[in-house]
Structure formats: structure tokens, C-alpha cells
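Colleague: I have a structure I would like to understand better, so I am pasting it below and will then ask my questions one at a time.
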Amino acid sequence: MTYLSITFYLFVAAAVLLYYIVPLGYRWLVLLFGSVFFYWRAMESGAGLAVILVTVMAAYAAGLLLERRKNKGILAGAVLLMVLPWLCVKNGNYVLQILLHKGAVNWIVPLGISFYTLQVISYLADVYRGRIAAQKNPARFILYVMFFPQIVQGPIPRYERLADQLYTGHRFDERMVVGGFYRILWGFFLKLMIANSAARFVDRVYESYQVYVGCYVLVAGILYSIQLYADFAACISISKGVANLFGVELADNFHHPYLAVSVKDFWHRWHISLSEWLKDYIYIPLGGSRKGRVRTYINLVLTFLVSGIWHGAGLRFLVWGLMHAVYQITGDLTRNIQRRAAKLLGLGESAEVTVWIRRVWTFLCVMAAWILFRVESLRKGLQMLYSMFRVRNLWIFTNESLFSMGLEWKEWVVLGISVLILFVVSLKQEQGVSFSELVFRQPVYIRWMLYLAAVFCIMTFGVYGQGYDAQAFIYGGF
């Protein structure tokens with residue numbers, strides 16, 4: 001049962017109907033049983049469900065213990081206990097095969113393990129710090145961790161922001177429910193119209209990176225950056241939309257990241273729940289920026305190395321994280337040079353031209369790191385980056401070479417228009433325009449005409465593709 005399957009939406013419809021039928025005080029139980037049922041069906045076995053339940057109950061017990069005894073040793077032991085299953089699942093085979101030259105192990109991989117591991121660690125740390133009280137009801141704690149709209153790939157919730165919303169029964173709110181429907185529809189647009197279309201070209205280049213070099217890599221890098229954002233934002237939009245149907249508001253996870261004017265700004269906009277987690281539970285405990293510039297840079301490097309390890313096993317993820325740390329350090333060291341250059345060119349820091357130059361440069365830096373993020377090995381990624389600068393095959397933009405890469409010219413047009421819509425919507429939202437509010441203000445018949453037109457376009461032009469799974473979200477693999 002995935003977020004794009006008919007089965008999932010039949011399940012959601014039944015859960016929503018039941019949620020608003022039962023008395024207010026018992027509605028959280030609908031979410032609890034619905035979440036356990038979803039997880040069991042999504043895993044297609046009881047083993048994964050058993051693993052997460054054991055982890056959740058261990059975290060529940062550790063939280064109660066930490067509330068009674070604020071002991072660093074207990075906290076460290078509890079965190080290690082939470083991290084061990086994730087380390088085995090995500091890095092075990094890499095250590096066994098690459099470092100120890102042993103055979104791989106067929107691990108049980110619980111759905112969303114990377115996300116709920118960080119979730120329970122933040123809960124335990126906050127209980128230890130006294131920021132929150134430990135949850136006494138084990139059933140309610142299970143619901144907090146396993147709430148089905150966000151268990152697959154976030155956003156990573158904080159207990160104080162989500163728990164009360166789950167436990168308090170919500171009355172039917174038309175605006176909230178309609179907003180949820182709008183977000184689900186937007187998620188389908190991002191996934192089927194952009195992410196899956198871009199994937200067809202990207203996969204071709206990455207599968208034959210020794211043949212498709214130079215500008216092919218540049219185009220693939222740009223499209224993969226767009227694909228990854230559209231894919232991840234699609235799942236988050238659907239997650240938030242489904243939660244809205246129950247009156248629950250999940251945290252925002254993106255704020256137009258490719259409109260960032262620096263890599264530091266990018267990380268304030270990209271995967272916000274992870275960025276905040278890394279800042280609050282890694283960067284600040286290490287000392288943050290309180291102990292001088294050198295120590296700040298060291299803390300930044302360590303934080304991004306943790307981010308790289310979280311994303312996957314292998315050198316390429318460590319280098320990817322290190323690149324983002326170096327970008328930020330370099331940006332900080334050259335800040336005065338950038339200001340002098342802008343002044344020399346007669347451009348103010350807030351001038352529109354300056355802003356767009358910084359946006360394009362930031363995007364290119366992030367794109368280069370995404371190339372390493374996508375490949376199977378660091379060596380392949382470096383070869384692709386090298387070919388992008390070494391081979392000057394600009395002729396692919398003037399003949400039909402790009403039309404033989406999984407997308408015909410009509411599909412390129414659809415993809416281009418879809419990306420343009422995303423770009424315009426992002427710009428307008430950056431300026432404070434709320435499209436959901438604009439739609440909601442319209443008469444009912446106009447709203448439904450717009451919804452039906454959107455559904456028709458997505459069903460007509462949305463690409464499921466042949467030979468790949470359109471229902472698989474990229475970050476679901478983390």
C-alpha cells in the first residue's frame with residue numbers, strides 16, 4: 001500500500017469516515033489502529049511491524065526512565081539502542097561486503113526506519129532536557145511514532161508540535177479538508193508530471209554515464225535536481241494533505257529551496273525537519289558557533305558528515321555532506337569579497353540581478369553535489385563531473401539527440417510546462433501569494449471545475465512510465 005495506490009486512498013477514505021463518526025474522545029484510536037494497519041499492509045509482513053513496535057516500546061520505557069532520572073548515561077544508552085537497528089540495516093552490508101569482504105545479510109528493513117529513529121531520539125533528548133513530559137500512555141506513544149501519513153518519509157515531527165494534535169479529536173473543518181485535497185492533488189502533479197518524467201532521461205544517462213558525457217551530464221544533473229525535489233516534495237505534500245483530512249497539520253519540510261541565495265540558505269529551505277534536527281541535536285550540542293570560527297567550521301563539517309551517514313552508506317554520501325560543509329565555509333570566508341565584487345559591478349546585495357546570480361550559482365553548487373548523491377559509487381560520480389567540464393558537446397542542444405533519451409519532443413514540452421508551473425508557483429508563494437486561498441475563495445462550481453481539470457491533466461499527461469515503479473518515492477529508500 002503506497003501513497004499513489006488506489007488501495008491507499010480507499011483506506012484513507014474509510015479511516016476519515018470512521019474518524020468523524022466516532023465520539024471526539026476516541027478519535028485518536030482510529031488514527032492508532034489505522035496507522036498500525038497501514039504499516040502492516042505496507043510492509044507486507046509482520047516482521048517489520050514487530051521491529052518498529054519493539055523499538056517504540058523501548059523508547060517509551062526509556063522516556064519514562066529519563067523523566068525520573070536525568071542521567072547522561074541512560075540517555076546515551078537509550079540513543080545507542082535506538083541507533084543500532086538503523087546502523088545494521090543501513091550500513092551493515094556495506095561494512096560486511098566492502099570493508100570486511102564478507103557475504104551480505106538479508107536484513108529486515110522496517111518502513112521509514114531512518115525517519116522514526118531520529119524522531120524517537122529527539123523525543124528522548126527533549127525528555128532528558130525537561131522540554132517535554134514523557135508520554136505515560138504506551139498506545140498514544142505508538143501513535144505519535146507511527147502516525148501513518150508521515151511514517152514513510154517525514155517530515156520528522158517533534159513531540160510538542162504533533163502529539164496534542166493526534167490525541168485531541170478534531171471536528172470536521174471544510175477549509176482544512178479542502179486544503180488537504182488540494183495538497184494531495186499538488187503532490188500527484190509533482191510526482192507524475194515532473195519527477196517521473198525527468199527520471200526517464202536521468203536514468204538513461206546514469207546507466208550509461210561512459211557514453212553520455214559532457215552536456216548530457218549537465219542536463220541530467222539539472223533534471224535530477226528537479227526530479228529529487230519534485231519527488232520528495234510530492235510525498236510531503238501528500239502526507240500533509242492526508243493529515244489535513246483528519247484535522248492534523250504537519251510541519252513544513254520545504255520552502256522553495258532552489259530559490260536560495262546561498263547553500264546556507266538552501267539548508268534553511270530543504271528538508272527543514274532534518275535540518276532543524278541536525279542543528280538542535282548535533283550542531284548546537286557540539287558547541288554551534290559559540291566557540292570561535294575554527295570550532296564553528298569543525299562543528300559544521302561534523303554535522304554534515306552525520307547528514308551524509310544518515311542518507312546512506314558509502315564514501316559518496318560522506319563526500320556529498322562534506323561538499324555542503326565546504327560550500328558554507330567558503331561562503332563565509334569570501335563574504336567580504338562577494339560584497340566588494342557586487343559593489344565594483346555597481347550591484348547592491350539586494351538588487352534583483354545580484355539575487356538571481358546568487359540563486360543560479362547556489363543551484364549549480366547543489367546540483368554538482370546531487371550528481372555524487374545519485375551515482376552508485378564515488379568514482380563514477382567524479383568521472384561524470386569531470387566529463388561535464390572536459391567534453392564540450394554543445395551540439396546536443398541543436399539536433400535531436402535529447403529526443404532519443406527516453407523522452408520525445410512532446411514529452412519534453414509537457415515536462416517543460418510542468419517545471420514552469422512549479423517555478424511560477426514557487427516565485428509567487430515566495431512573494432506571499434497563497435494559491436490554495438485563491439482557489440478556496442472561488443464559488444464551489446468553479447473550484448470543482450479547477451479540481452476536475454487538474455485531475456484530467458494529471459491523468460492524461462502524468463507519466464507512470466514503462467520499466468520503473470511510479471509509486472516508489474526516492475526518499476522512501478532512506
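Naming scheme: A, B, ... for chains in displayed order of the C-alpha cells; residues 1 onward per chain; ligands 1 onward as shown.
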I want to know what sits within 8 Å of Phe317 of chain A, based on only C-alpha atoms, with residues of the same chain fewer than 6 positions away left out; could you give that as an MDAnalysis selection string?
Modeller: chainID A and resid 308:309 311 372:373
Colleague: So that I have them on file, write out the residues from the current selection with N, CA and C atoms, as a compact mmCIF listing (two decimals), in the first residue's frame.
Modeller:
# COMPACT_ATOMS: atom_id res chain seq x y z
N GLY A 308 25.42 13.02 5.92
CA GLY A 308 25.80 12.09 4.86
C GLY A 308 25.62 10.65 5.28
N ILE A 309 26.03 10.32 6.50
CA ILE A 309 25.87 8.96 7.01
C ILE A 309 24.40 8.59 7.09
N HIS A 311 22.01 9.61 5.21
CA HIS A 311 21.44 9.40 3.89
C HIS A 311 21.84 8.06 3.27
N LEU A 372 26.88 13.40 -7.25
CA LEU A 372 27.54 12.38 -6.43
C LEU A 372 26.52 11.63 -5.58
N PHE A 373 25.49 12.31 -5.16
CA PHE A 373 24.43 11.71 -4.35
C PHE A 373 23.71 10.60 -5.12
Colleague: Quick one: residues within 12 Å of segment 323-337 of chain A, only C-alpha atoms, excluding same-chain residues fewer than 4 positions away - as an NGL selection string?
Modeller: :A and (261-267 or 293-308 or 316-319 or 341-344 or 349 or 358 or 361-373)
Colleague: From the options A:Leu218, A:Lys240, A:His255, A:Lys136, which residue's atoms come nearest to Tyr3 of chain A, counting only C-alpha atoms?
Modeller: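 Closest candidate: A:Lys240.
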Colleague: One decimal, Å: what's the distance from atom CA of Val89 of chain A over to atom CA of Leu378 of chain A, could you say?
Modeller: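 Spanning atom CA of Val89 of chain A to atom CA of Leu378 of chain A is a straight-line distance of 21.1 Å.
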Colleague: Taking into account only C-alpha atoms, which residue in the set A:Ile272, A:Phe188, A:Trp28, A:Met388 is nearest to Phe461 of chain A?
Modeller: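 Of A:Ile272, A:Phe188, A:Trp28, A:Met388, the one nearest Phe461 of chain A, counting only C-alpha atoms, is A:Phe188.
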Colleague: If you measure from atom CA of Val30 of chain A to atom CA of Ala14 of chain A, what distance in Å do you get, rounded to one decimal?
Modeller: 10.3 Å
Colleague: Just asking: which residues within segment 206-445 of chain A are alpha helix (DSSP H) according to DSSP, as a PyMOL selection string?
Modeller: chain A and resi 206-207+215-245+263-269+272-278+284-286+293-311+315-333+335-344+352-374+378-390+409-430+435-440+444-445
Colleague: For atom CA of Ser387 of chain A and atom CA of Val211 of chain A, determine how far apart the two atoms are, in Å to one decimal place.
Modeller: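 According to the coordinates, atom CA of Ser387 of chain A and atom CA of Val211 of chain A are separated by 10.4 Å.
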